[in-house]
>>> print(open('run.cif').read())   # mmCIF, N, CA, C and O atoms
data_my_file
loop_
_atom_site.group_PDB
_atom_site.id
_atom_site.type_symbol
_atom_site.label_atom_id
_atom_site.label_comp_id
_atom_site.auth_asym_id
_atom_site.auth_seq_id
_atom_site.Cartn_x
_atom_site.Cartn_y
_atom_site.Cartn_z
ATOM 1 N N MET L 1 11.538 -2.607 16.763
ATOM 2 C CA MET L 1 10.963 -3.119 17.987
ATOM 3 C C MET L 1 10.867 -1.966 18.987
ATOM 4 O O MET L 1 11.754 -1.139 19.085
ATOM 5 N N LEU L 2 9.765 -1.951 19.715
ATOM 6 C CA LEU L 2 9.544 -0.967 20.769
ATOM 7 C C LEU L 2 9.499 -1.714 22.093
ATOM 8 O O LEU L 2 8.730 -2.656 22.260
ATOM 9 N N ASN L 3 10.360 -1.310 23.007
ATOM 10 C CA ASN L 3 10.419 -1.944 24.316
ATOM 11 C C ASN L 3 10.502 -0.826 25.350
ATOM 12 O O ASN L 3 11.579 -0.313 25.629
ATOM 13 N N ALA L 4 9.345 -0.434 25.878
ATOM 14 C CA ALA L 4 9.308 0.628 26.889
ATOM 15 C C ALA L 4 9.912 0.090 28.182
ATOM 16 O O ALA L 4 9.379 -0.820 28.799
ATOM 17 N N ARG L 5 11.035 0.640 28.560
ATOM 18 C CA ARG L 5 11.762 0.184 29.750
ATOM 19 C C ARG L 5 11.075 0.638 31.026
ATOM 20 O O ARG L 5 10.470 1.704 31.080
ATOM 21 N N LEU L 6 11.208 -0.178 32.040
ATOM 22 C CA LEU L 6 10.716 0.205 33.364
ATOM 23 C C LEU L 6 11.686 1.216 33.962
ATOM 24 O O LEU L 6 12.886 1.182 33.665
ATOM 25 N N PRO L 7 11.203 2.115 34.809
ATOM 26 C CA PRO L 7 12.079 3.142 35.393
ATOM 27 C C PRO L 7 13.290 2.521 36.097
ATOM 28 O O PRO L 7 13.141 1.614 36.919
ATOM 29 N N GLY L 8 14.473 2.994 35.722
ATOM 30 C CA GLY L 8 15.701 2.536 36.357
ATOM 31 C C GLY L 8 16.137 1.131 35.977
ATOM 32 O O GLY L 8 17.042 0.585 36.602
ATOM 33 N N GLN L 9 15.506 0.528 34.968
ATOM 34 C CA GLN L 9 15.844 -0.831 34.573
ATOM 35 C C GLN L 9 16.139 -0.905 33.083
ATOM 36 O O GLN L 9 15.801 -0.003 32.332
ATOM 37 N N GLN L 10 16.733 -1.993 32.683
ATOM 38 C CA GLN L 10 17.016 -2.240 31.273
ATOM 39 C C GLN L 10 16.051 -3.266 30.699
ATOM 40 O O GLN L 10 16.380 -3.974 29.756
ATOM 41 N N ARG L 11 14.854 -3.357 31.264
ATOM 42 C CA ARG L 11 13.853 -4.317 30.801
ATOM 43 C C ARG L 11 12.467 -3.697 30.876
ATOM 44 O O ARG L 11 12.244 -2.718 31.580
ATOM 45 N N GLY L 12 11.550 -4.287 30.142
ATOM 46 C CA GLY L 12 10.169 -3.829 30.125
ATOM 47 C C GLY L 12 9.232 -5.001 30.318
ATOM 48 O O GLY L 12 9.661 -6.155 30.406
ATOM 49 N N VAL L 13 7.928 -4.732 30.373
ATOM 50 C CA VAL L 13 6.950 -5.807 30.565
ATOM 51 C C VAL L 13 6.557 -6.463 29.249
ATOM 52 O O VAL L 13 6.063 -7.586 29.232
ATOM 53 N N SER L 14 6.786 -5.754 28.127
ATOM 54 C CA SER L 14 6.459 -6.328 26.825
ATOM 55 C C SER L 14 7.188 -5.567 25.726
ATOM 56 O O SER L 14 7.676 -4.460 25.939
ATOM 57 N N SER L 15 7.227 -6.182 24.556
ATOM 58 C CA SER L 15 7.783 -5.547 23.360
ATOM 59 C C SER L 15 6.733 -5.571 22.266
ATOM 60 O O SER L 15 5.917 -6.495 22.193
ATOM 61 N N ILE L 16 6.786 -4.578 21.419
ATOM 62 C CA ILE L 16 5.943 -4.515 20.229
ATOM 63 C C ILE L 16 6.892 -4.594 19.043
ATOM 64 O O ILE L 16 7.890 -3.870 18.994
ATOM 65 N N TRP L 17 6.595 -5.474 18.109
ATOM 66 C CA TRP L 17 7.470 -5.619 16.951
ATOM 67 C C TRP L 17 6.657 -5.916 15.704
ATOM 68 O O TRP L 17 5.481 -6.230 15.779
ATOM 69 N N ASN L 18 7.304 -5.794 14.562
ATOM 70 C CA ASN L 18 6.635 -5.952 13.285
ATOM 71 C C ASN L 18 7.430 -6.913 12.407
ATOM 72 O O ASN L 18 8.598 -6.690 12.150
ATOM 73 N N GLU L 19 6.768 -7.965 12.007
ATOM 74 C CA GLU L 19 7.334 -8.897 11.036
ATOM 75 C C GLU L 19 6.191 -9.317 10.120
ATOM 76 O O GLU L 19 5.511 -10.313 10.370
ATOM 77 N N LYS L 20 5.921 -8.457 9.127
ATOM 78 C CA LYS L 20 4.769 -8.642 8.234
ATOM 79 C C LYS L 20 3.460 -8.600 9.013
ATOM 80 O O LYS L 20 2.517 -9.320 8.737
ATOM 81 N N GLY L 21 3.430 -7.808 10.054
ATOM 82 C CA GLY L 21 2.266 -7.642 10.914
ATOM 83 C C GLY L 21 2.720 -7.287 12.313
ATOM 84 O O GLY L 21 3.876 -7.479 12.674
ATOM 85 N N ALA L 22 1.807 -6.740 13.095
ATOM 86 C CA ALA L 22 2.135 -6.328 14.462
ATOM 87 C C ALA L 22 2.083 -7.515 15.419
ATOM 88 O O ALA L 22 1.222 -8.383 15.303
ATOM 89 N N PHE L 23 3.019 -7.539 16.368
ATOM 90 C CA PHE L 23 3.079 -8.579 17.386
ATOM 91 C C PHE L 23 3.382 -7.950 18.738
ATOM 92 O O PHE L 23 4.153 -6.993 18.822
ATOM 93 N N LEU L 24 2.792 -8.514 19.784
ATOM 94 C CA LEU L 24 3.060 -8.132 21.176
ATOM 95 C C LEU L 24 3.671 -9.318 21.892
ATOM 96 O O LEU L 24 3.090 -10.402 21.912
ATOM 97 N N SER L 25 4.847 -9.098 22.463
ATOM 98 C CA SER L 25 5.522 -10.160 23.211
ATOM 99 C C SER L 25 5.669 -9.743 24.671
ATOM 100 O O SER L 25 6.431 -8.828 24.980
ATOM 101 N N PRO L 26 4.935 -10.397 25.571
ATOM 102 C CA PRO L 26 5.079 -10.090 26.992
ATOM 103 C C PRO L 26 6.290 -10.823 27.569
ATOM 104 O O PRO L 26 6.716 -11.849 27.029
ATOM 105 N N TYR L 27 6.822 -10.296 28.624
ATOM 106 C CA TYR L 27 7.930 -10.946 29.335
ATOM 107 C C TYR L 27 7.386 -11.461 30.665
ATOM 108 O O TYR L 27 7.267 -10.711 31.633
ATOM 109 N N ARG L 28 7.035 -12.721 30.689
ATOM 110 C CA ARG L 28 6.378 -13.311 31.858
ATOM 111 C C ARG L 28 7.199 -13.133 33.132
ATOM 112 O O ARG L 28 6.662 -12.794 34.186
ATOM 113 N N THR L 29 8.497 -13.363 33.066
ATOM 114 C CA THR L 29 9.338 -13.259 34.258
ATOM 115 C C THR L 29 9.322 -11.844 34.815
ATOM 116 O O THR L 29 9.234 -11.647 36.026
ATOM 117 N N VAL L 30 9.386 -10.845 33.943
ATOM 118 C CA VAL L 30 9.338 -9.454 34.393
ATOM 119 C C VAL L 30 7.975 -9.173 35.016
ATOM 120 O O VAL L 30 7.890 -8.579 36.091
ATOM 121 N N LEU L 31 6.913 -9.618 34.349
ATOM 122 C CA LEU L 31 5.572 -9.427 34.908
ATOM 123 C C LEU L 31 5.444 -10.104 36.269
ATOM 124 O O LEU L 31 4.865 -9.528 37.200
ATOM 125 N N LEU L 32 5.967 -11.294 36.395
ATOM 126 C CA LEU L 32 5.886 -12.034 37.657
ATOM 127 C C LEU L 32 6.559 -11.273 38.795
ATOM 128 O O LEU L 32 6.021 -11.180 39.904
ATOM 129 N N HIS L 33 7.722 -10.694 38.534
ATOM 130 C CA HIS L 33 8.468 -9.988 39.576
ATOM 131 C C HIS L 33 7.991 -8.555 39.800
ATOM 132 O O HIS L 33 7.996 -8.077 40.925
ATOM 133 N N GLU L 34 7.602 -7.874 38.728
ATOM 134 C CA GLU L 34 7.323 -6.448 38.825
ATOM 135 C C GLU L 34 5.840 -6.085 38.822
ATOM 136 O O GLU L 34 5.480 -5.004 39.280
ATOM 137 N N ALA L 35 4.991 -6.952 38.283
ATOM 138 C CA ALA L 35 3.551 -6.642 38.199
ATOM 139 C C ALA L 35 2.722 -7.924 38.342
ATOM 140 O O ALA L 35 1.981 -8.297 37.438
ATOM 141 N N PRO L 36 2.824 -8.597 39.478
ATOM 142 C CA PRO L 36 2.140 -9.888 39.640
ATOM 143 C C PRO L 36 0.608 -9.789 39.581
ATOM 144 O O PRO L 36 -0.038 -10.728 39.089
ATOM 145 N N GLU L 37 0.040 -8.691 40.052
ATOM 146 C CA GLU L 37 -1.424 -8.555 39.986
ATOM 147 C C GLU L 37 -1.886 -8.413 38.531
ATOM 148 O O GLU L 37 -2.882 -9.014 38.128
ATOM 149 N N ALA L 38 -1.150 -7.644 37.754
ATOM 150 C CA ALA L 38 -1.484 -7.489 36.335
ATOM 151 C C ALA L 38 -1.298 -8.815 35.601
ATOM 152 O O ALA L 38 -2.099 -9.159 34.730
ATOM 153 N N LEU L 39 -0.269 -9.558 35.950
ATOM 154 C CA LEU L 39 -0.049 -10.865 35.325
ATOM 155 C C LEU L 39 -1.228 -11.788 35.607
ATOM 156 O O LEU L 39 -1.704 -12.485 34.709
ATOM 157 N N ALA L 40 -1.743 -11.774 36.827
ATOM 158 C CA ALA L 40 -2.899 -12.607 37.163
ATOM 159 C C ALA L 40 -4.108 -12.221 36.313
ATOM 160 O O ALA L 40 -4.824 -13.094 35.811
ATOM 161 N N ARG L 41 -4.319 -10.919 36.124
ATOM 162 C CA ARG L 41 -5.435 -10.464 35.285
ATOM 163 C C ARG L 41 -5.243 -10.887 33.830
ATOM 164 O O ARG L 41 -6.181 -11.331 33.161
ATOM 165 N N LEU L 42 -4.017 -10.771 33.332
ATOM 166 C CA LEU L 42 -3.719 -11.186 31.960
ATOM 167 C C LEU L 42 -3.919 -12.693 31.797
ATOM 168 O O LEU L 42 -4.493 -13.146 30.802
ATOM 169 N N ASP L 43 -3.453 -13.470 32.765
ATOM 170 C CA ASP L 43 -3.626 -14.930 32.702
ATOM 171 C C ASP L 43 -5.101 -15.313 32.711
ATOM 172 O O ASP L 43 -5.504 -16.240 32.009
ATOM 173 N N ASP L 44 -5.905 -14.591 33.498
ATOM 174 C CA ASP L 44 -7.347 -14.864 33.527
ATOM 175 C C ASP L 44 -8.008 -14.531 32.188
ATOM 176 O O ASP L 44 -8.852 -15.272 31.696
ATOM 177 N N ALA L 45 -7.622 -13.400 31.619
ATOM 178 C CA ALA L 45 -8.242 -12.938 30.377
ATOM 179 C C ALA L 45 -7.734 -13.689 29.147
ATOM 180 O O ALA L 45 -8.476 -13.872 28.182
ATOM 181 N N LEU L 46 -6.473 -14.123 29.198
ATOM 182 C CA LEU L 46 -5.828 -14.765 28.039
ATOM 183 C C LEU L 46 -5.127 -16.051 28.479
ATOM 184 O O LEU L 46 -3.902 -16.127 28.474
ATOM 185 N N PRO L 47 -5.880 -17.080 28.850
ATOM 186 C CA PRO L 47 -5.266 -18.312 29.360
ATOM 187 C C PRO L 47 -4.226 -18.883 28.394
ATOM 188 O O PRO L 47 -4.478 -19.028 27.198
ATOM 189 N N GLY L 48 -3.040 -19.145 28.946
ATOM 190 C CA GLY L 48 -1.972 -19.781 28.175
ATOM 191 C C GLY L 48 -1.262 -18.878 27.186
ATOM 192 O O GLY L 48 -0.388 -19.337 26.453
ATOM 193 N N GLN L 49 -1.589 -17.589 27.156
ATOM 194 C CA GLN L 49 -0.986 -16.698 26.157
ATOM 195 C C GLN L 49 0.205 -15.900 26.677
ATOM 196 O O GLN L 49 0.985 -15.379 25.885
ATOM 197 N N ILE L 50 0.323 -15.771 27.972
ATOM 198 C CA ILE L 50 1.420 -14.978 28.530
ATOM 199 C C ILE L 50 2.524 -15.950 28.934
ATOM 200 O O ILE L 50 2.603 -16.416 30.056
ATOM 201 N N GLY L 51 3.365 -16.262 27.976
ATOM 202 C CA GLY L 51 4.449 -17.208 28.205
ATOM 203 C C GLY L 51 5.788 -16.500 28.222
ATOM 204 O O GLY L 51 5.881 -15.300 28.438
ATOM 205 N N GLN L 52 6.818 -17.257 27.973
ATOM 206 C CA GLN L 52 8.161 -16.705 27.908
ATOM 207 C C GLN L 52 8.676 -16.915 26.492
ATOM 208 O O GLN L 52 8.694 -18.032 25.996
ATOM 209 N N GLY L 53 9.041 -15.833 25.838
ATOM 210 C CA GLY L 53 9.576 -15.933 24.493
ATOM 211 C C GLY L 53 8.519 -16.206 23.432
ATOM 212 O O GLY L 53 8.806 -16.796 22.399
ATOM 213 N N ASN L 54 7.287 -15.786 23.670
ATOM 214 C CA ASN L 54 6.223 -15.987 22.688
ATOM 215 C C ASN L 54 5.559 -14.655 22.372
ATOM 216 O O ASN L 54 6.001 -13.615 22.831
ATOM 217 N N TYR L 55 4.516 -14.695 21.584
ATOM 218 C CA TYR L 55 3.730 -13.500 21.335
ATOM 219 C C TYR L 55 2.266 -13.821 21.593
ATOM 220 O O TYR L 55 1.846 -14.975 21.555
ATOM 221 N N ILE L 56 1.500 -12.796 21.880
ATOM 222 C CA ILE L 56 0.083 -12.960 22.177
ATOM 223 C C ILE L 56 -0.660 -13.201 20.869
ATOM 224 O O ILE L 56 -0.519 -12.438 19.913
ATOM 225 N N LYS L 57 -1.435 -14.251 20.835
ATOM 226 C CA LYS L 57 -2.165 -14.617 19.629
ATOM 227 C C LYS L 57 -3.606 -14.097 19.633
ATOM 228 O O LYS L 57 -4.274 -14.153 18.629
ATOM 229 N N ALA L 58 -4.062 -13.577 20.766
ATOM 230 C CA ALA L 58 -5.413 -13.017 20.873
ATOM 231 C C ALA L 58 -5.486 -11.705 20.101
ATOM 232 O O ALA L 58 -4.460 -11.127 19.718
ATOM 233 N N GLU L 59 -6.704 -11.234 19.902
ATOM 234 C CA GLU L 59 -6.911 -9.958 19.222
ATOM 235 C C GLU L 59 -6.297 -8.823 20.040
ATOM 236 O O GLU L 59 -6.438 -8.768 21.259
ATOM 237 N N TYR L 60 -5.627 -7.929 19.360
ATOM 238 C CA TYR L 60 -5.026 -6.775 20.016
ATOM 239 C C TYR L 60 -6.075 -5.662 20.063
ATOM 240 O O TYR L 60 -6.222 -4.881 19.141
ATOM 241 N N ASP L 61 -6.799 -5.632 21.150
ATOM 242 C CA ASP L 61 -7.867 -4.652 21.292
ATOM 243 C C ASP L 61 -7.569 -3.719 22.458
ATOM 244 O O ASP L 61 -6.552 -3.845 23.138
ATOM 245 N N GLY L 62 -8.464 -2.777 22.672
ATOM 246 C CA GLY L 62 -8.278 -1.804 23.735
ATOM 247 C C GLY L 62 -8.165 -2.433 25.110
ATOM 248 O O GLY L 62 -7.401 -1.966 25.953
ATOM 249 N N ARG L 63 -8.897 -3.503 25.344
ATOM 250 C CA ARG L 63 -8.859 -4.187 26.645
ATOM 251 C C ARG L 63 -7.470 -4.753 26.920
ATOM 252 O O ARG L 63 -6.925 -4.591 28.010
ATOM 253 N N LEU L 64 -6.882 -5.402 25.924
ATOM 254 C CA LEU L 64 -5.540 -5.964 26.079
ATOM 255 C C LEU L 64 -4.525 -4.850 26.316
ATOM 256 O O LEU L 64 -3.689 -4.948 27.220
ATOM 257 N N LEU L 65 -4.599 -3.808 25.523
ATOM 258 C CA LEU L 65 -3.656 -2.706 25.684
ATOM 259 C C LEU L 65 -3.804 -2.035 27.043
ATOM 260 O O LEU L 65 -2.814 -1.644 27.661
ATOM 261 N N GLU L 66 -5.025 -1.948 27.539
ATOM 262 C CA GLU L 66 -5.255 -1.377 28.868
ATOM 263 C C GLU L 66 -4.643 -2.269 29.952
ATOM 264 O O GLU L 66 -4.073 -1.761 30.924
ATOM 265 N N MET L 67 -4.745 -3.574 29.804
ATOM 266 C CA MET L 67 -4.137 -4.492 30.781
ATOM 267 C C MET L 67 -2.613 -4.381 30.762
ATOM 268 O O MET L 67 -1.972 -4.399 31.823
ATOM 269 N N LEU L 68 -2.024 -4.248 29.590
ATOM 270 C CA LEU L 68 -0.572 -4.088 29.507
ATOM 271 C C LEU L 68 -0.140 -2.744 30.092
ATOM 272 O O LEU L 68 0.890 -2.656 30.763
ATOM 273 N N ARG L 69 -0.930 -1.726 29.860
ATOM 274 C CA ARG L 69 -0.653 -0.425 30.466
ATOM 275 C C ARG L 69 -0.711 -0.537 31.991
ATOM 276 O O ARG L 69 0.126 0.000 32.708
ATOM 277 N N GLY L 70 -1.724 -1.248 32.485
ATOM 278 C CA GLY L 70 -1.848 -1.462 33.924
ATOM 279 C C GLY L 70 -0.643 -2.190 34.501
ATOM 280 O O GLY L 70 -0.206 -1.900 35.613
ATOM 281 N N ALA L 71 -0.093 -3.123 33.736
ATOM 282 C CA ALA L 71 1.100 -3.857 34.187
ATOM 283 C C ALA L 71 2.283 -2.898 34.323
ATOM 284 O O ALA L 71 3.027 -2.931 35.314
ATOM 285 N N TYR L 72 2.446 -2.040 33.325
ATOM 286 C CA TYR L 72 3.529 -1.068 33.387
ATOM 287 C C TYR L 72 3.340 -0.127 34.585
ATOM 288 O O TYR L 72 4.285 0.155 35.326
ATOM 289 N N GLU L 73 2.117 0.330 34.794
ATOM 290 C CA GLU L 73 1.845 1.239 35.911
ATOM 291 C C GLU L 73 2.085 0.557 37.255
ATOM 292 O O GLU L 73 2.633 1.169 38.173
ATOM 293 N N GLU L 74 1.675 -0.712 37.376
ATOM 294 C CA GLU L 74 1.916 -1.447 38.627
ATOM 295 C C GLU L 74 3.414 -1.565 38.893
ATOM 296 O O GLU L 74 3.875 -1.351 40.019
ATOM 297 N N ALA L 75 4.173 -1.889 37.868
ATOM 298 C CA ALA L 75 5.628 -2.015 38.025
ATOM 299 C C ALA L 75 6.247 -0.676 38.381
ATOM 300 O O ALA L 75 7.164 -0.611 39.222
ATOM 301 N N GLN L 76 5.776 0.388 37.773
ATOM 302 C CA GLN L 76 6.302 1.720 38.056
ATOM 303 C C GLN L 76 6.017 2.117 39.506
ATOM 304 O O GLN L 76 6.875 2.660 40.190
ATOM 305 N N GLN L 77 4.807 1.822 39.982
ATOM 306 C CA GLN L 77 4.458 2.137 41.360
ATOM 307 C C GLN L 77 5.318 1.338 42.337
ATOM 308 O O GLN L 77 5.755 1.856 43.366
ATOM 309 N N LYS L 78 5.580 0.097 41.997
ATOM 310 C CA LYS L 78 6.420 -0.752 42.853
ATOM 311 C C LYS L 78 7.835 -0.166 42.952
ATOM 312 O O LYS L 78 8.437 -0.180 44.014
ATOM 313 N N ALA L 79 8.338 0.354 41.845
ATOM 314 C CA ALA L 79 9.688 0.900 41.807
ATOM 315 C C ALA L 79 9.828 2.172 42.650
ATOM 316 O O ALA L 79 10.905 2.474 43.140
ATOM 317 N N THR L 80 8.727 2.908 42.819
ATOM 318 C CA THR L 80 8.807 4.160 43.568
ATOM 319 C C THR L 80 8.517 3.989 45.059
ATOM 320 O O THR L 80 8.546 4.960 45.793
ATOM 321 N N ARG L 81 8.209 2.790 45.483
ATOM 322 C CA ARG L 81 7.949 2.554 46.922
ATOM 323 C C ARG L 81 9.206 2.459 47.704
ATOM 324 O O ARG L 81 10.245 2.169 47.340
#
>>> encode(input="run.cif", output="structure tokens")
Amino acid sequence: MLNARLPGQQRGVSSIWNEKGAFLSPYRTVLLHEAPEALARLDDALPGQIGQGNYIKAEYDGRLLEMLRGAYEEAQQKATR
């Protein structure tokens, strides 16, 4: 499992794991507190997919990865303010 931690924290916005295939698991609570604008964009693009304790069932494409990257960047910027 890969879980890129947020600066100065023991949590991240999502995990990547493999169980007979690749899976992305977002952490809704972390997104809500640390990257609310990115969470809103993810909810718009992937209705009902960003839950708690689940994995994204949509296609893992460049757009999705860019949105998750944006979430990490938003959280990082918040931490440095």
>>> select_by_dssp(input="run.cif", residues="segment 21-54 of chain L", states="strand (DSSP E)", output="MDAnalysis selection string")
chainID L and resid 22:26
>>> resolve_selection(input="run.cif", expression="the PyMOL selection byres (((chain L and resi 61-68 and name CA) around 8) and name CA)", output="MDAnalysis selection string")
chainID L and resid 13:14 38 41:42 59:60 69:72
>>> resolve_selection(input="run.cif", expression="the PyMOL selection byres ((chain L and resi 25) around 7)", output="PDB file with N, CA, C and O atoms, in the frame of the given file")
ATOM      1  N   GLY L  12      11.550  -4.287  30.142  1.00  0.00           N
ATOM      2  CA  GLY L  12      10.169  -3.829  30.125  1.00  0.00           C
ATOM      3  C   GLY L  12       9.232  -5.001  30.318  1.00  0.00           C
ATOM      4  O   GLY L  12       9.661  -6.155  30.406  1.00  0.00           O
ATOM      5  N   VAL L  13       7.928  -4.732  30.373  1.00  0.00           N
ATOM      6  CA  VAL L  13       6.950  -5.807  30.565  1.00  0.00           C
ATOM      7  C   VAL L  13       6.557  -6.463  29.249  1.00  0.00           C
ATOM      8  O   VAL L  13       6.063  -7.586  29.232  1.00  0.00           O
ATOM      9  N   SER L  14       6.786  -5.754  28.127  1.00  0.00           N
ATOM     10  CA  SER L  14       6.459  -6.328  26.825  1.00  0.00           C
ATOM     11  C   SER L  14       7.188  -5.567  25.726  1.00  0.00           C
ATOM     12  O   SER L  14       7.676  -4.460  25.939  1.00  0.00           O
ATOM     13  N   SER L  15       7.227  -6.182  24.556  1.00  0.00           N
ATOM     14  CA  SER L  15       7.783  -5.547  23.360  1.00  0.00           C
ATOM     15  C   SER L  15       6.733  -5.571  22.266  1.00  0.00           C
ATOM     16  O   SER L  15       5.917  -6.495  22.193  1.00  0.00           O
ATOM     17  N   ILE L  16       6.786  -4.578  21.419  1.00  0.00           N
ATOM     18  CA  ILE L  16       5.943  -4.515  20.229  1.00  0.00           C
ATOM     19  C   ILE L  16       6.892  -4.594  19.043  1.00  0.00           C
ATOM     20  O   ILE L  16       7.890  -3.870  18.994  1.00  0.00           O
ATOM     21  N   TRP L  17       6.595  -5.474  18.109  1.00  0.00           N
ATOM     22  CA  TRP L  17       7.470  -5.619  16.951  1.00  0.00           C
ATOM     23  C   TRP L  17       6.657  -5.916  15.704  1.00  0.00           C
ATOM     24  O   TRP L  17       5.481  -6.230  15.779  1.00  0.00           O
ATOM     25  N   PHE L  23       3.019  -7.539  16.368  1.00  0.00           N
ATOM     26  CA  PHE L  23       3.079  -8.579  17.386  1.00  0.00           C
ATOM     27  C   PHE L  23       3.382  -7.950  18.738  1.00  0.00           C
ATOM     28  O   PHE L  23       4.153  -6.993  18.822  1.00  0.00           O
ATOM     29  N   LEU L  24       2.792  -8.514  19.784  1.00  0.00           N
ATOM     30  CA  LEU L  24       3.060  -8.132  21.176  1.00  0.00           C
ATOM     31  C   LEU L  24       3.671  -9.318  21.892  1.00  0.00           C
ATOM     32  O   LEU L  24       3.090 -10.402  21.912  1.00  0.00           O
ATOM     33  N   PRO L  26       4.935 -10.397  25.571  1.00  0.00           N
ATOM     34  CA  PRO L  26       5.079 -10.090  26.992  1.00  0.00           C
ATOM     35  C   PRO L  26       6.290 -10.823  27.569  1.00  0.00           C
ATOM     36  O   PRO L  26       6.716 -11.849  27.029  1.00  0.00           O
ATOM     37  N   TYR L  27       6.822 -10.296  28.624  1.00  0.00           N
ATOM     38  CA  TYR L  27       7.930 -10.946  29.335  1.00  0.00           C
ATOM     39  C   TYR L  27       7.386 -11.461  30.665  1.00  0.00           C
ATOM     40  O   TYR L  27       7.267 -10.711  31.633  1.00  0.00           O
ATOM     41  N   ARG L  28       7.035 -12.721  30.689  1.00  0.00           N
ATOM     42  CA  ARG L  28       6.378 -13.311  31.858  1.00  0.00           C
ATOM     43  C   ARG L  28       7.199 -13.133  33.132  1.00  0.00           C
ATOM     44  O   ARG L  28       6.662 -12.794  34.186  1.00  0.00           O
ATOM     45  N   GLY L  51       3.365 -16.262  27.976  1.00  0.00           N
ATOM     46  CA  GLY L  51       4.449 -17.208  28.205  1.00  0.00           C
ATOM     47  C   GLY L  51       5.788 -16.500  28.222  1.00  0.00           C
ATOM     48  O   GLY L  51       5.881 -15.300  28.438  1.00  0.00           O
ATOM     49  N   GLY L  53       9.041 -15.833  25.838  1.00  0.00           N
ATOM     50  CA  GLY L  53       9.576 -15.933  24.493  1.00  0.00           C
ATOM     51  C   GLY L  53       8.519 -16.206  23.432  1.00  0.00           C
ATOM     52  O   GLY L  53       8.806 -16.796  22.399  1.00  0.00           O
ATOM     53  N   ASN L  54       7.287 -15.786  23.670  1.00  0.00           N
ATOM     54  CA  ASN L  54       6.223 -15.987  22.688  1.00  0.00           C
ATOM     55  C   ASN L  54       5.559 -14.655  22.372  1.00  0.00           C
ATOM     56  O   ASN L  54       6.001 -13.615  22.831  1.00  0.00           O
ATOM     57  N   TYR L  55       4.516 -14.695  21.584  1.00  0.00           N
ATOM     58  CA  TYR L  55       3.730 -13.500  21.335  1.00  0.00           C
ATOM     59  C   TYR L  55       2.266 -13.821  21.593  1.00  0.00           C
ATOM     60  O   TYR L  55       1.846 -14.975  21.555  1.00  0.00           O
ATOM     61  N   ILE L  56       1.500 -12.796  21.880  1.00  0.00           N
ATOM     62  CA  ILE L  56       0.083 -12.960  22.177  1.00  0.00           C
ATOM     63  C   ILE L  56      -0.660 -13.201  20.869  1.00  0.00           C
ATOM     64  O   ILE L  56      -0.519 -12.438  19.913  1.00  0.00           O
TER      65      ILE L  56
END
>>> atom_distance(input="run.cif", atom1="atom CA of Leu46 of chain L", atom2="atom O of Asn18 of chain L")
22.9 Å
>>> closest_residue(input="run.cif", among="L:Arg81, L:His33, L:Gln76, L:Gly48", to="Leu6 of chain L", atoms="all atoms listed in the file")
L:Gln76
>>> resolve_selection(input="run.cif", expression="the PyMOL selection byres (((chain L and resi 7 and name CA) around 10) and name CA)", output="VMD selection string")
chain L and resid 4 to 6 8 to 12 72 75 to 77 79 to 80
>>> select_by_dssp(input="run.cif", residues="segment 5-75 of chain L", states="helix (DSSP H, G or I)", output="MDAnalysis selection string")
chainID L and resid 28:34 36:45 62:75
>>> atom_distance(input="run.cif", atom1="atom CA of Lys57 of chain L", atom2="atom O of Glu34 of chain L")
23.2 Å
>>> atom_distance(input="run.cif", atom1="atom C of Gly21 of chain L", atom2="atom O of Glu74 of chain L")
28.4 Å
